[in-house]
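What follows is a set of notes on a single structure, which appears directly below.
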Amino acid sequence: MAIERTLSIIKPDATRRNLTGKINAKFEDAGLRIVAQKRIQLTIDQAGMFYDVHRARPFFGELTEFMASGPVVVQVLEGEGAVLKNREVMGATNPADAAPGTIRAEFAESVGENSVHGSDAPETAAQEIAYFFSGLELVG
Ligand code: CMP
């Protein structure tokens with residue numbers, strides 16, 4: 001399988017509970033390499049631009065307010081089949097459905113406050129990485 005990059009976000013519910021290191025250990029234990037990472041505070045508008053595809057959903061306001069409610073850690077993960085591998089490590093969106101041992105099964109509080117975001121396909125990953133990082137910030 002090809003080496004890929006994917007965009008990951010450690011969400012405010014997780015940074016608030018000081019879980020960045022534990023979540024990063026899950027990525028690294030799965031063979032994913034953190035090739036870029038920064039802790040930032042999003043505005044509601046910046047969160048809305050990132051989640052633009054969900055703008056018509058009933059939970060959009062809740063989602064953007066939550067993502068702007070505290071610091072997030074945005075990161076680029078690299079590895080073989082990184083997009084799919086990251087989704088496996090994260091577990092299902094709703095922690096009630098997440099497999100044991102996944103990040104969301106262990107740490108997520110609800111479907112909205114679910115600790116991590118990961119790109120859903122290589123094309124989206126490229127767009128999402130470009131939203132947060134310049135080429136100079138990606139150091140493999
Ligand atoms: P994420 O992978 O970041 O992509 C979109 C996010 O919307 C998703 O994780 C959830 O956190 C959030 N989301 C999805 N469904 C709901 C819902 N029913 N209520 C609140 N938030 C939701």
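Numbering starts fresh at 1 for the residues of each chain in the structure tokens, the chains themselves are lettered A, B, ... in the order given, and ligands are numbered from 1 as they appear.
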Checklist line | Residues of chain A in strand (DSSP E), written as a list in words | finding: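 Here are the strand (DSSP E) residues of chain A: Ile3, Glu4, Arg5, Thr6, Leu7, Ser8, Ile9, Ile10, Arg33, Ile34, Val35, Ala36, Gln37, Lys38, Arg39, Ile40, Val72, Val73, Val74, Gln75, Val76, Leu77, Glu78, Gly79, Glu80, Val116, His117 and Gly118 of chain A.
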Next item on the list: Write out as JSON, numbers by chain all residues of chain A that backbone DSSP assigns to helix (DSSP H, G or I).
Entry: {"A": [12, 13, 14, 15, 16, 20, 21, 22, 23, 24, 25, 26, 27, 28, 29, 44, 45, 46, 47, 48, 49, 50, 52, 53, 54, 60, 61, 62, 63, 64, 65, 66, 67, 82, 83, 84, 85, 86, 87, 88, 89, 90, 95, 96, 97, 103, 104, 105, 106, 107, 122, 123, 124, 125, 126, 127, 128, 129, 130, 131, 132, 135, 136, 137]}
Note to self: Quick one: residues within 10 Å of Gly81 in chain A, only C-alpha atoms, excluding same-chain residues fewer than 3 positions away - as a VMD selection string?
What the structure shows: chain A and resid 1 to 6 32 78 84 to 86 122
Within 10 Å of Phe132 in chain A using only C-alpha atoms, minus same-chain residues under 3 positions, as a compact mmCIF listing (two decimals) with N, CA, C and O atoms, in the first residue's frame:
# COMPACT_ATOMS: atom_id res chain seq x y z
N LEU A 7 -5.03 14.27 7.54
CA LEU A 7 -5.14 15.36 8.52
C LEU A 7 -5.89 14.83 9.74
O LEU A 7 -6.94 14.19 9.62
N GLN A 37 2.60 19.18 13.41
CA GLN A 37 1.66 19.27 14.54
C GLN A 37 1.71 20.68 15.12
O GLN A 37 2.78 21.23 15.31
N LYS A 38 0.53 21.25 15.39
CA LYS A 38 0.51 22.53 16.11
C LYS A 38 -0.79 22.66 16.90
O LYS A 38 -1.83 22.14 16.49
N ILE A 40 -3.62 25.09 18.23
CA ILE A 40 -4.18 26.38 17.84
C ILE A 40 -5.58 26.54 18.43
O ILE A 40 -6.20 25.56 18.87
N PHE A 50 -13.77 24.95 7.78
CA PHE A 50 -13.21 23.60 7.74
C PHE A 50 -14.33 22.57 7.53
O PHE A 50 -14.17 21.62 6.76
N VAL A 74 -3.82 20.34 15.58
CA VAL A 74 -3.95 19.87 14.20
C VAL A 74 -2.64 19.19 13.83
O VAL A 74 -1.55 19.65 14.21
N GLN A 75 -2.75 18.10 13.11
CA GLN A 75 -1.54 17.32 12.83
C GLN A 75 -1.66 16.58 11.49
O GLN A 75 -2.77 16.32 11.01
N VAL A 76 -0.52 16.28 10.92
CA VAL A 76 -0.47 15.48 9.70
C VAL A 76 0.16 14.15 10.06
O VAL A 76 1.27 14.10 10.63
N GLN A 127 -6.84 18.45 0.80
CA GLN A 127 -7.50 19.76 1.03
C GLN A 127 -7.40 20.17 2.49
O GLN A 127 -7.14 21.33 2.82
N GLU A 128 -7.65 19.22 3.39
CA GLU A 128 -7.66 19.54 4.82
C GLU A 128 -6.24 19.88 5.33
O GLU A 128 -6.08 20.76 6.16
N ILE A 129 -5.23 19.17 4.81
CA ILE A 129 -3.84 19.48 5.19
C ILE A 129 -3.51 20.90 4.74
O ILE A 129 -2.94 21.70 5.50
N GLU A 137 5.97 23.42 6.49
CA GLU A 137 5.73 22.90 7.84
C GLU A 137 5.65 21.38 7.87
O GLU A 137 5.51 20.80 8.96
Note to self: At a cut-off of 8 Å, using only C-alpha atoms, what residues contact Met67 in chain A? Leave out same-chain residues fewer than 6 positions from it and give the result as a PyMOL selection string.
What the structure shows: chain A and resi 11-12+42+44+47
